[in-house]
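Note sheet for the following structure.
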Number of protein chains: 2
Amino acid sequence: MPNKIRIALDAMGGDHGPEVVVPGAAMAHQRHSDTEFQFFGDTARIEAAMAGVPALKPVSQIIHTDVAIRMDDKPSQALRQGRLKSSMWQAIDAVKQGRADVAVSAGNTGALMAMATVHLRTMAGIDRPAIAAIWPTLRGESVVLDLGATIGADTQHLVDMALMGSAMARILLGIERPTVGLLNIGVEEVKGLDEVREAGQILRERNLPHINYAGFVEGDDIGKGTVDVVVTEGFAGNIALKSAEGTARQLAGFLRTEMKRTVWTRLGYLFARQAFQALRDKLDPDRSNGGVFLGLNGIVIKSHGGASASGFSAAVDIGYQMVRNELMEKIGQALVPEARVVAQLPSETSAAGAAS
Amino acid sequence: MPNKIRIALDAMGGDHGPEVVVPGAAMAHQRHSDTEFQFFGDTARIEAAMAGVPALKPVSQIIHTDVAIRMDDKPSQALRQGRLKSSMWQAIDAVKQGRADVAVSAGNTGALMAMATVHLRTMAGIDRPAIAAIWPTLRGESVVLDLGATIGADTQHLVDMALMGSAMARILLGIERPTVGLLNIGVEEVKGLDEVREAGQILRERNLPHINYAGFVEGDDIGKGTVDVVVTEGFAGNIALKSAEGTARQLAGFLRTEMKRTVWTRLGYLFARQAFQALRDKLDPDRSNGGVFLGLNGIVIKSHGGASASGFSAAVDIGYQMVRNELMEKIGQALVPEARVVAQLPSETSAAGAAS
């Protein structure tokens with residue numbers, strides 16, 4: 001564990017670039033003085049942005065890059081044009097080379113995932129990466145994954161995600177054995193869910209450390225906060241996230257319209273302003289901004305592309321927390337041989353031999 | 001088109017049975033006097049419930065059944081125990097035999113889908129059924145399918161769902177060429193979506209009647225009402241629906257708590273009561289209650305199991321509308337040979353021959 005947490009920032013990522021990334025870093029630094037930053041991107045723009053936050057300068061390093069990945073670049077395009085020389089690649093490379101503990105980018109998700117996977121590679125024993133997010137619930141917060149790193153998941157990938165998600169939840173929620181649920185649909189005996197059922201069986205039957213398996217959960221359990229960790233494959237996970245975001249915006253829109261409709265409702269709004277502000281804070285995507293890439297040899301955080309400085313600082317905070325609380329080590333602890341679907345456990349074999 | 005719409009009701013379905021089904025039917029009959037009902041279930045309970053709604057009696061027939069499918073019966077169990085003799089099967093059978101135009105049940109979805117599929121069978125040219133629902137949006141209403149009839153979808157099934165969903169949207173929205181979107185995730189070039197891409201290509205390139213193909217949409221487009229018809233496979237569709245429902249309940253819960261917090265917010269609530277009532281109405285699951293089973297040789301409507309009489313009447317209304325506006329005929333019109341993925345079009349072949 002380094003004394004300082006060294007954070008590599010893709011300064012050109014997101015809709016706004018350095019104008020958001022730099023003040024965002026400054027906010028995070030104010031909360032966590034044990035941070036150091038490496039900004040990758042256009043030196044002139046980064047320096048200009050840094051003029052407004054002088055406290056950041058002594059803990060910052062600027063590494064100039066000429067190439068920036070665009071928000072609408074396809075992953076393959078990004079890799080072709082941005083490999084080695086883009087700010088995004090360089091930030092990931094800093095993690096790869098051990099010069100930084102975590103990389104944070106608000107750049108496009110597909111490109112970031114592609115570059116991170118190509119450059120950092122998946123951890124030993126993990127076949128595919130996953131994107132995990134913090135989901136505000138009625139009960140507090142839950143970890144939900146995968147939000148779209150890959151589509152479809154076999155049994156092993158679902159089990160791996162349960163392990164990785166619980167490692168992340170241990171940090172976020174400060175509990176040793178987070179409850180884990182597998183996302184499923186209520187209609188029983190529908191064909192096609194063999195891998196979800198199999199994963200459930202493994203999580204239930206093998207006594208895995210740091211996992212309190214709670215069974216299947218449905219889409220509405222996410223918002224309820226029924227479990228600490230919700231595991232699903234990336235297509236359904238992404239749809240669930242977007243569908244929930246859409247619904248939140250839709251209801252906020254309905255409510256806004258209704259509150260403006262009559263003198264009485266407008267008056268009511270004035271009195272209850274505080275309550276609406278609290279609701280807005282709850283809904284604020286900035287608050288829980290930051291998708292964590294899991295399963296790679298290094299920590300990469302994806303900030304929402306449209307995030308404000310405060311939103312970006314939340315993503316930096318998550319990166320900080322993950323490093324400070326040893327996410328990689330915790331994932332390593334979780335990846336026990338018992339969690340292999342096709343278990344070839346020397347200990348079991350010898351135990352069986354001894355018993356016979 | 002019959003003069004009267006004949007509606008077969010599984011009186012024992014749902015959490016409440018005849019005590020909800022019978023008054024629900026009465027409400028629907030009040031709105032649509034050209035309805036007739038066949039109630040399948042326990043005669044004594046149905047008659048007792050009917051005592052409260054005398055106007056229903058002259059247009060109703062009671063067919064006694066001894067067996068009721070329980071809400072937690074597995075589909076296979078339901079088929080074993082309820083085939084032929086259950087109220088659910090009998091209601092479906094009335095459609096099969098042409099004695100009713102539509103069957104409505106608040107019984108368990110899996111059992112209802114299994115029985116309907118086994119007994120009615122899929123339409124010629126349709127491999128798998130789908131469940132479609134009406135989703136309230138910022139713009140009005142959309143049709144979303146599949147909500148969990150089957151898991152996974154090949155290209156042809158996605159195209160078929162676009163055709164069937166647009167037939168349903170023509171009735172609901174009264175427009176000849178509803179816009180259709182395929183649900184997808186924003187991360188481009190992720191592997192595993194070949195069938196969604198292929199379906200998109202077919203919908204775009206072939207000039208299908210009654211479909212205005214609008215491309216891919218994401219989870220948050222559902223609530224926005226970006227398109228009239230959203231098509232996806234059943235697992236993701238079910239997760240999207242439940243995730244949206246969960247979010248709606250979560251936000252309503254947050255708001256309720258916040259409004260009670262101080263004297264000022266309570267006062268605000270009093271003034272703005274009307275706005276909150278309007279929001280509650282919008283969120284009311286009763287209003288848009290009723291899943292339509294598509295792709296079978298007959299119309300079956302699934303009401304929410306916990307629906308009130310008013311909610312059940314909404315499901316009956318949907319069944320009424322689907323029959324009155326000739327859903328089956330409209331689906332038939334939509335199933336043109338050009339919509340076959342592996343197109344063996346005699347007209348194309350001969351056209352090509354003429355051109356060469």
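Residues in the structure tokens are named by chain (A, B, ... in the order shown) and by number from 1 within that chain; ligands are numbered from 1 in the order shown.
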Write out as CSV the residues of chain B that have any atom within 7 Å of an atom of chain A, one row each with the nearest atom pair and its distance in Å to one decimal, counting only C-alpha atoms, sorted by chain and then rising number.
residue,atom,partner,partner_atom,distance
B:Lys74,CA,A:Glu188,CA,6.5
B:Thr109,CA,A:Val187,CA,6.8
B:Gly110,CA,A:Val187,CA,5.3
B:Leu138,CA,A:Gln250,CA,6.0
B:Gly148,CA,A:Val187,CA,6.9
B:Thr150,CA,A:Val190,CA,6.4
B:Ile151,CA,A:Gly192,CA,5.8
B:Ile185,CA,A:Asn238,CA,6.5
B:Val187,CA,A:Gly110,CA,5.2
B:Glu188,CA,A:Lys74,CA,6.5
B:Val190,CA,A:Thr150,CA,6.4
B:Lys191,CA,A:Ile151,CA,6.6
B:Gly192,CA,A:Ile151,CA,5.8
B:Glu218,CA,A:Lys242,CA,6.9
B:Gly219,CA,A:Ser243,CA,4.3
B:Asp220,CA,A:Gly246,CA,4.0
B:Asp221,CA,A:Gly246,CA,6.8
B:Ile222,CA,A:Ser243,CA,6.9
B:Gly223,CA,A:Gly246,CA,5.2
B:Lys224,CA,A:Gln250,CA,6.7
B:Phe235,CA,A:Ile185,CA,6.6
B:Ala236,CA,A:Ala236,CA,4.7
B:Asn238,CA,A:Ile185,CA,6.5
B:Ile239,CA,A:Gly219,CA,4.8
B:Ala240,CA,A:Ala240,CA,5.0
B:Lys242,CA,A:Gly219,CA,4.4
B:Ser243,CA,A:Gly219,CA,4.3
B:Ala244,CA,A:Ala244,CA,4.9
B:Glu245,CA,A:Asp220,CA,6.2
B:Gly246,CA,A:Asp220,CA,4.0
B:Thr247,CA,A:Gly223,CA,5.5
B:Ala248,CA,A:Thr247,CA,6.7
B:Gln250,CA,A:Leu138,CA,6.0
B:Phe254,CA,A:Leu279,CA,6.7
B:Leu255,CA,A:Leu279,CA,6.4
B:Glu258,CA,A:Ala275,CA,4.9
B:Met259,CA,A:Ala275,CA,5.7
B:Trp264,CA,A:Phe271,CA,5.3
B:Thr265,CA,A:Ala272,CA,4.0
B:Leu267,CA,A:Phe271,CA,6.5
B:Gly268,CA,A:Gly268,CA,3.8
B:Tyr269,CA,A:Gly268,CA,6.0
B:Leu270,CA,A:Gly268,CA,7.0
B:Phe271,CA,A:Gly268,CA,4.5
B:Ala272,CA,A:Thr265,CA,4.0
B:Ala275,CA,A:Glu258,CA,4.9
B:Leu279,CA,A:Leu255,CA,6.4
- [ ] Please provide the set of residues having any atom within 10 Å of A:Ala315, restricted to only C-alpha atoms, with same-chain residues fewer than 2 positions apart removed, written as number ranges by chain.
- [x] A: 24-25, 28, 104-106, 286-292, 301-304, 307, 309-313, 317-321
Cα-based least-squares overlay of chain B on chain A, as a compact mmCIF listing (two decimals) with C-alpha atoms, in the first residue's frame:
# COMPACT_ATOMS: atom_id res chain seq x y z
CA MET B 1 0.04 0.04 -0.01
CA PRO B 2 1.62 3.31 -1.11
CA ASN B 3 1.55 6.25 1.23
CA LYS B 4 0.00 8.41 -1.44
CA ILE B 5 -2.72 7.21 -3.76
CA ARG B 6 -1.52 7.98 -7.28
CA ILE B 7 -4.39 8.68 -9.65
CA ALA B 8 -3.98 8.77 -13.43
CA LEU B 9 -6.57 10.96 -15.12
CA ASP B 10 -7.61 10.96 -18.76
CA ALA B 11 -7.97 14.75 -18.87
CA MET B 12 -9.46 14.70 -22.37
CA GLY B 13 -12.27 12.24 -21.60
CA GLY B 14 -15.92 13.16 -21.29
CA ASP B 15 -18.01 15.89 -22.82
CA HIS B 16 -15.95 18.66 -21.24
CA GLY B 17 -12.35 17.46 -20.86
CA PRO B 18 -9.89 19.31 -18.57
CA GLU B 19 -12.44 21.97 -17.63
CA VAL B 20 -14.28 19.29 -15.64
CA VAL B 21 -11.53 16.78 -14.93
CA VAL B 22 -9.14 19.27 -13.30
CA PRO B 23 -11.58 20.94 -10.87
CA GLY B 24 -13.07 17.48 -10.21
CA ALA B 25 -9.64 16.24 -9.16
CA ALA B 26 -9.25 19.33 -6.96
CA MET B 27 -12.50 18.51 -5.13
CA ALA B 28 -11.40 14.93 -4.56
CA HIS B 29 -8.01 16.13 -3.33
CA GLN B 30 -9.72 18.41 -0.83
CA ARG B 31 -11.47 15.39 0.64
CA HIS B 32 -8.44 13.11 0.42
CA SER B 33 -5.18 14.97 0.93
CA ASP B 34 -3.21 11.73 0.42
CA THR B 35 -3.75 11.84 -3.35
CA GLU B 36 -1.42 12.64 -6.24
CA PHE B 37 -2.51 13.15 -9.82
CA GLN B 38 -1.15 12.52 -13.27
CA PHE B 39 -3.08 14.40 -15.93
CA PHE B 40 -2.83 13.04 -19.46
CA GLY B 41 -3.89 15.37 -22.25
CA ASP B 42 -3.43 18.75 -23.80
CA THR B 43 -0.96 20.60 -21.58
CA ALA B 44 -2.23 24.08 -22.43
CA ARG B 45 -5.85 23.25 -21.59
CA ILE B 46 -4.90 21.38 -18.43
CA GLU B 47 -2.69 24.22 -17.23
CA ALA B 48 -5.40 26.75 -17.98
CA ALA B 49 -7.89 24.73 -15.94
CA MET B 50 -5.37 24.33 -13.13
CA ALA B 51 -4.97 28.09 -12.78
CA GLY B 52 -8.36 28.07 -11.05
CA VAL B 53 -7.36 25.45 -8.48
CA PRO B 54 -3.83 26.33 -7.30
CA ALA B 55 -3.89 23.81 -4.43
CA LEU B 56 -3.78 21.03 -7.01
CA LYS B 57 -0.51 22.08 -8.63
CA PRO B 58 1.96 20.73 -6.04
CA VAL B 59 0.42 17.24 -6.21
CA SER B 60 -0.02 17.14 -9.99
CA GLN B 61 2.01 16.13 -12.97
CA ILE B 62 0.98 16.87 -16.54
CA ILE B 63 1.89 14.49 -19.34
CA HIS B 64 1.14 15.89 -22.74
CA THR B 65 -0.71 13.80 -25.31
CA ASP B 66 -1.83 14.88 -28.77
CA VAL B 67 -4.54 12.32 -29.38
CA ALA B 68 -7.91 12.27 -27.63
CA ILE B 69 -10.50 9.53 -28.04
CA ARG B 70 -13.83 10.99 -29.13
CA MET B 71 -17.06 10.10 -27.34
CA ASP B 72 -18.44 8.47 -30.47
CA ASP B 73 -15.32 6.57 -31.54
CA LYS B 74 -15.95 2.88 -31.84
CA PRO B 75 -13.74 0.71 -29.64
CA SER B 76 -11.89 -0.71 -32.64
CA GLN B 77 -11.37 2.79 -34.03
CA ALA B 78 -10.15 4.03 -30.65
CA LEU B 79 -7.67 1.18 -30.44
CA ARG B 80 -6.40 1.80 -33.96
CA GLN B 81 -5.99 5.53 -33.54
CA GLY B 82 -5.39 5.90 -29.83
CA ARG B 83 -3.20 2.99 -28.85
CA LEU B 84 -0.01 4.18 -27.13
CA LYS B 85 -0.50 7.89 -27.81
CA SER B 86 -3.98 8.87 -26.59
CA SER B 87 -4.65 10.38 -23.18
CA MET B 88 -6.93 7.42 -22.41
CA TRP B 89 -4.32 4.82 -23.25
CA GLN B 90 -1.61 6.73 -21.39
CA ALA B 91 -3.70 6.88 -18.22
CA ILE B 92 -4.24 3.14 -18.39
CA ASP B 93 -0.57 2.61 -19.17
CA ALA B 94 0.40 4.48 -16.00
CA VAL B 95 -1.49 1.80 -14.05
CA LYS B 96 0.02 -0.97 -16.15
CA GLN B 97 3.55 0.31 -15.52
CA GLY B 98 2.94 0.77 -11.82
CA ARG B 99 3.32 4.53 -11.94
CA ALA B 100 -0.31 5.02 -10.87
CA ASP B 101 -2.65 3.04 -8.61
CA VAL B 102 -5.83 3.72 -10.53
CA ALA B 103 -6.95 5.35 -13.78
CA VAL B 104 -10.10 7.45 -14.08
CA SER B 105 -11.67 8.47 -17.39
CA ALA B 106 -14.93 10.09 -18.44
CA GLY B 107 -14.26 8.97 -22.00
CA ASN B 108 -16.43 6.61 -23.94
CA THR B 109 -17.14 3.34 -22.19
CA GLY B 110 -16.55 1.00 -25.10
CA ALA B 111 -13.17 2.50 -25.93
CA LEU B 112 -12.08 2.59 -22.30
CA MET B 113 -13.10 -1.03 -21.73
CA ALA B 114 -11.38 -2.14 -24.94
CA MET B 115 -8.14 -0.35 -24.11
CA ALA B 116 -8.14 -1.44 -20.48
CA THR B 117 -8.75 -5.05 -21.46
CA VAL B 118 -6.13 -5.06 -24.21
CA HIS B 119 -3.50 -3.37 -22.09
CA LEU B 120 -4.11 -4.59 -18.54
CA ARG B 121 -5.51 -8.03 -19.49
CA THR B 122 -7.84 -10.02 -17.28
CA MET B 123 -6.65 -11.38 -13.96
CA ALA B 124 -5.45 -14.94 -13.74
CA GLY B 125 -8.56 -17.11 -13.47
CA ILE B 126 -10.92 -14.44 -14.80
CA ASP B 127 -12.04 -14.78 -18.41
CA ARG B 128 -13.96 -11.56 -18.89
CA PRO B 129 -14.10 -8.15 -17.25
CA ALA B 130 -17.25 -6.57 -15.83
CA ILE B 131 -18.45 -3.05 -15.06
CA ALA B 132 -19.85 -2.56 -11.58
CA ALA B 133 -21.75 0.46 -10.32
CA ILE B 134 -23.08 1.71 -7.04
CA TRP B 135 -26.88 1.76 -7.13
CA PRO B 136 -28.74 3.91 -4.58
CA THR B 137 -31.55 1.87 -3.00
CA LEU B 138 -34.28 2.27 -0.40
CA ARG B 139 -31.96 0.59 2.08
CA GLY B 140 -28.72 2.39 1.17
CA GLU B 141 -26.47 1.31 -1.66
CA SER B 142 -25.85 -1.85 -3.60
CA VAL B 143 -23.26 -2.99 -6.11
CA VAL B 144 -24.71 -4.03 -9.47
CA LEU B 145 -22.74 -5.77 -12.20
CA ASP B 146 -22.23 -6.31 -15.16
CA LEU B 147 -23.54 -3.10 -16.70
CA GLY B 148 -22.38 -3.85 -20.21
CA ALA B 149 -18.74 -4.90 -20.37
CA THR B 150 -19.71 -8.09 -22.16
CA ILE B 151 -22.92 -9.73 -23.31
CA GLY B 152 -24.04 -13.10 -22.07
CA ALA B 153 -22.39 -14.89 -19.19
CA ASP B 154 -21.55 -18.52 -18.59
CA THR B 155 -21.73 -20.06 -15.14
CA GLN B 156 -18.11 -19.34 -14.28
CA HIS B 157 -18.42 -15.68 -15.26
CA LEU B 158 -21.50 -15.28 -13.08
CA VAL B 159 -19.67 -16.86 -10.14
CA ASP B 160 -16.62 -14.69 -10.80
CA MET B 161 -18.80 -11.59 -10.83
CA ALA B 162 -20.33 -12.60 -7.50
CA LEU B 163 -16.81 -12.84 -6.05
CA MET B 164 -15.59 -9.57 -7.53
CA GLY B 165 -18.80 -7.70 -6.68
CA SER B 166 -18.64 -8.88 -3.09
CA ALA B 167 -15.02 -7.70 -2.86
CA MET B 168 -16.17 -4.26 -3.99
CA ALA B 169 -19.14 -4.31 -1.61
CA ARG B 170 -16.87 -5.20 1.31
CA ILE B 171 -15.09 -1.91 0.70
CA LEU B 172 -18.15 0.20 0.04
CA LEU B 173 -20.41 -1.16 2.75
CA GLY B 174 -17.82 -2.20 5.27
CA ILE B 175 -19.25 -5.66 5.84
CA GLU B 176 -17.32 -8.88 5.66
CA ARG B 177 -19.91 -11.09 3.96
CA PRO B 178 -22.16 -9.04 1.71
CA THR B 179 -25.39 -10.65 0.55
CA VAL B 180 -25.30 -11.60 -3.11
CA GLY B 181 -28.26 -12.19 -5.43
CA LEU B 182 -28.40 -13.44 -9.00
CA LEU B 183 -30.76 -11.43 -11.17
CA ASN B 184 -33.44 -13.64 -12.65
CA ILE B 185 -36.99 -13.43 -13.85
CA GLY B 186 -40.01 -14.60 -11.93
CA VAL B 187 -41.34 -16.97 -14.51
CA GLU B 188 -40.08 -20.31 -13.39
CA GLU B 189 -38.98 -23.17 -15.55
CA VAL B 190 -38.49 -20.97 -18.56
CA LYS B 191 -35.75 -22.43 -20.65
CA GLY B 192 -32.41 -20.73 -21.19
CA LEU B 193 -31.28 -19.93 -17.70
CA ASP B 194 -29.18 -22.97 -17.04
CA GLU B 195 -26.10 -20.88 -16.33
CA VAL B 196 -27.92 -18.71 -13.78
CA ARG B 197 -29.28 -21.79 -12.02
CA GLU B 198 -25.89 -23.47 -12.05
CA ALA B 199 -24.18 -20.38 -10.69
CA GLY B 200 -26.80 -20.23 -7.95
CA GLN B 201 -26.10 -23.81 -7.03
CA ILE B 202 -22.37 -23.22 -6.79
CA LEU B 203 -22.79 -20.08 -4.68
CA ARG B 204 -25.19 -21.91 -2.40
CA GLU B 205 -23.35 -25.18 -1.99
CA ARG B 206 -19.72 -24.25 -1.82
CA ASN B 207 -18.75 -22.39 1.24
CA LEU B 208 -17.17 -19.38 -0.40
CA PRO B 209 -15.51 -16.75 1.78
CA HIS B 210 -17.01 -13.26 1.90
CA ILE B 211 -20.21 -14.27 0.13
CA ASN B 212 -23.60 -14.58 1.75
CA TYR B 213 -25.60 -16.00 -1.13
CA ALA B 214 -29.24 -14.92 -0.96
CA GLY B 215 -30.65 -16.63 -4.06
CA PHE B 216 -32.37 -15.17 -7.09
CA VAL B 217 -33.60 -11.60 -7.09
CA GLU B 218 -35.83 -9.84 -9.61
CA GLY B 219 -35.55 -6.45 -11.27
CA ASP B 220 -37.57 -4.67 -8.59
CA ASP B 221 -35.30 -6.02 -5.86
CA ILE B 222 -32.49 -3.77 -7.06
CA GLY B 223 -34.25 -0.55 -6.00
CA LYS B 224 -35.44 -2.19 -2.80
CA GLY B 225 -31.88 -3.01 -1.83
CA THR B 226 -32.81 -6.63 -1.14
CA VAL B 227 -29.16 -7.68 -1.50
CA ASP B 228 -25.81 -5.92 -1.31
CA VAL B 229 -24.60 -7.28 -4.65
CA VAL B 230 -26.74 -7.94 -7.72
CA VAL B 231 -25.13 -10.08 -10.42
CA THR B 232 -26.29 -10.41 -14.01
CA GLU B 233 -24.87 -10.55 -17.51
CA GLY B 234 -24.06 -7.28 -19.23
CA PHE B 235 -26.97 -6.89 -21.61
CA ALA B 236 -29.68 -7.25 -18.96
CA GLY B 237 -27.60 -5.25 -16.48
CA ASN B 238 -27.24 -2.33 -18.84
CA ILE B 239 -30.95 -2.43 -19.72
CA ALA B 240 -31.86 -2.54 -16.02
CA LEU B 241 -29.68 0.49 -15.26
CA LYS B 242 -30.93 2.56 -18.18
CA SER B 243 -34.52 1.56 -17.59
CA ALA B 244 -34.27 2.68 -13.96
CA GLU B 245 -32.59 5.95 -14.98
CA GLY B 246 -35.30 6.56 -17.55
CA THR B 247 -38.03 5.93 -15.02
CA ALA B 248 -36.45 8.29 -12.50
CA ARG B 249 -36.27 11.06 -15.10
CA GLN B 250 -39.82 10.32 -16.25
CA LEU B 251 -41.26 10.60 -12.74
CA ALA B 252 -39.30 13.76 -12.02
CA GLY B 253 -40.74 15.18 -15.25
CA PHE B 254 -44.31 14.21 -14.35
CA LEU B 255 -43.96 15.72 -10.91
CA ARG B 256 -42.48 18.95 -12.23
CA THR B 257 -45.39 19.37 -14.63
CA GLU B 258 -47.98 18.62 -11.97
CA MET B 259 -46.43 20.99 -9.43
CA LYS B 260 -46.69 23.86 -11.89
CA ARG B 261 -50.30 23.24 -12.79
CA THR B 262 -52.26 25.37 -10.28
CA VAL B 263 -51.66 28.19 -7.85
CA TRP B 264 -52.15 25.75 -4.99
CA THR B 265 -49.64 23.24 -6.21
CA ARG B 266 -47.12 26.02 -6.87
CA LEU B 267 -47.64 27.26 -3.34
CA GLY B 268 -47.24 23.71 -2.08
CA TYR B 269 -43.97 23.52 -3.95
CA LEU B 270 -42.69 26.62 -2.16
CA PHE B 271 -43.43 25.13 1.23
CA ALA B 272 -42.05 21.73 0.37
CA ARG B 273 -39.00 22.91 -1.54
CA GLN B 274 -36.73 21.23 0.95
CA ALA B 275 -38.30 17.84 0.28
CA PHE B 276 -37.90 18.24 -3.46
CA GLN B 277 -34.29 19.24 -3.02
CA ALA B 278 -33.72 16.11 -0.95
CA LEU B 279 -35.31 14.02 -3.67
CA ARG B 280 -33.17 15.69 -6.32
CA ASP B 281 -30.09 14.93 -4.26
CA LYS B 282 -31.12 11.30 -4.04
CA LEU B 283 -31.61 11.18 -7.80
CA ASP B 284 -28.44 13.11 -8.54
CA PRO B 285 -26.43 10.91 -10.88
CA ASP B 286 -23.32 12.76 -9.69
CA ARG B 287 -23.60 11.26 -6.24
CA SER B 288 -23.13 7.70 -7.33
CA ASN B 289 -21.04 8.43 -10.40
CA GLY B 290 -18.31 5.97 -11.22
CA GLY B 291 -18.34 2.53 -12.81
CA VAL B 292 -15.62 0.21 -11.60
CA PHE B 293 -13.99 -2.12 -14.12
CA LEU B 294 -13.49 -5.44 -12.39
CA GLY B 295 -11.44 -8.43 -13.41
CA LEU B 296 -8.46 -6.65 -14.91
CA ASN B 297 -4.91 -6.41 -13.63
CA GLY B 298 -5.43 -2.90 -12.37
CA ILE B 299 -8.20 -0.57 -11.32
CA VAL B 300 -9.95 1.60 -13.90
CA ILE B 301 -12.90 3.84 -13.10
CA LYS B 302 -15.36 5.11 -15.69
CA SER B 303 -16.99 8.45 -14.93
CA HIS B 304 -20.18 9.45 -16.70
CA GLY B 305 -19.26 11.40 -19.85
CA GLY B 306 -21.58 14.27 -19.01
CA ALA B 307 -20.57 14.49 -15.35
CA SER B 308 -19.93 17.88 -13.76
CA ALA B 309 -16.73 18.54 -11.80
CA SER B 310 -18.50 17.38 -8.67
CA GLY B 311 -19.68 14.24 -10.45
CA PHE B 312 -16.19 13.53 -11.74
CA SER B 313 -14.82 14.00 -8.24
CA ALA B 314 -17.21 11.27 -7.06
CA ALA B 315 -15.66 8.90 -9.61
CA VAL B 316 -12.18 9.88 -8.39
CA ASP B 317 -13.34 9.22 -4.82
CA ILE B 318 -14.45 5.73 -5.78
CA GLY B 319 -11.07 5.06 -7.36
CA TYR B 320 -9.38 6.35 -4.22
CA GLN B 321 -11.49 4.16 -1.98
CA MET B 322 -10.89 1.08 -4.10
CA VAL B 323 -7.13 1.54 -3.89
CA ARG B 324 -7.01 2.60 -0.25
CA ASN B 325 -9.09 -0.40 0.76
CA GLU B 326 -7.21 -2.83 -1.41
CA LEU B 327 -9.76 -3.92 -3.98
CA MET B 328 -7.23 -5.99 -5.92
CA GLU B 329 -6.16 -7.87 -2.82
CA LYS B 330 -9.76 -8.46 -1.79
CA ILE B 331 -10.61 -9.83 -5.22
CA GLY B 332 -7.54 -12.03 -4.98
CA GLN B 333 -8.79 -13.39 -1.64
CA ALA B 334 -12.20 -14.08 -3.14
CA LEU B 335 -10.89 -16.10 -6.08
CA VAL B 336 -10.59 -19.35 -4.17
CA PRO B 337 -10.23 -22.66 -6.01
CA GLU B 338 -13.62 -23.74 -4.62
CA ALA B 339 -15.21 -21.11 -6.82
CA ARG B 340 -14.14 -22.87 -10.02
CA VAL B 341 -17.18 -24.34 -11.74
CA VAL B 342 -15.16 -27.30 -12.91
CA ALA B 343 -13.56 -27.84 -9.56
CA GLN B 344 -10.25 -29.62 -9.61
CA LEU B 345 -9.48 -29.35 -5.98
CA PRO B 346 -6.49 -31.32 -4.83
CA SER B 347 -7.75 -30.96 -1.26
CA GLU B 348 -11.14 -32.45 -2.19
CA THR B 349 -9.59 -35.28 -4.09
CA SER B 350 -7.32 -36.19 -1.22
CA ALA B 351 -10.14 -35.80 1.30
CA ALA B 352 -12.27 -38.16 -0.77
CA GLY B 353 -9.36 -40.56 -0.99
CA ALA B 354 -8.89 -40.47 2.78
CA ALA B 355 -12.58 -41.10 3.40
CA SER B 356 -12.90 -44.09 1.12
Task: Those in stretch 211-354 of chain A with strand (DSSP E) from DSSP, as a ChimeraX atom specification - done: /A:212-217,229-231,291-294,299-302
Task: Backbone DSSP call of alpha helix (DSSP H) for stretch 14-105 of chain B, listed as a VMD selection string - done: chain B and resid 18 to 31 43 to 50 75 to 82 87 to 96
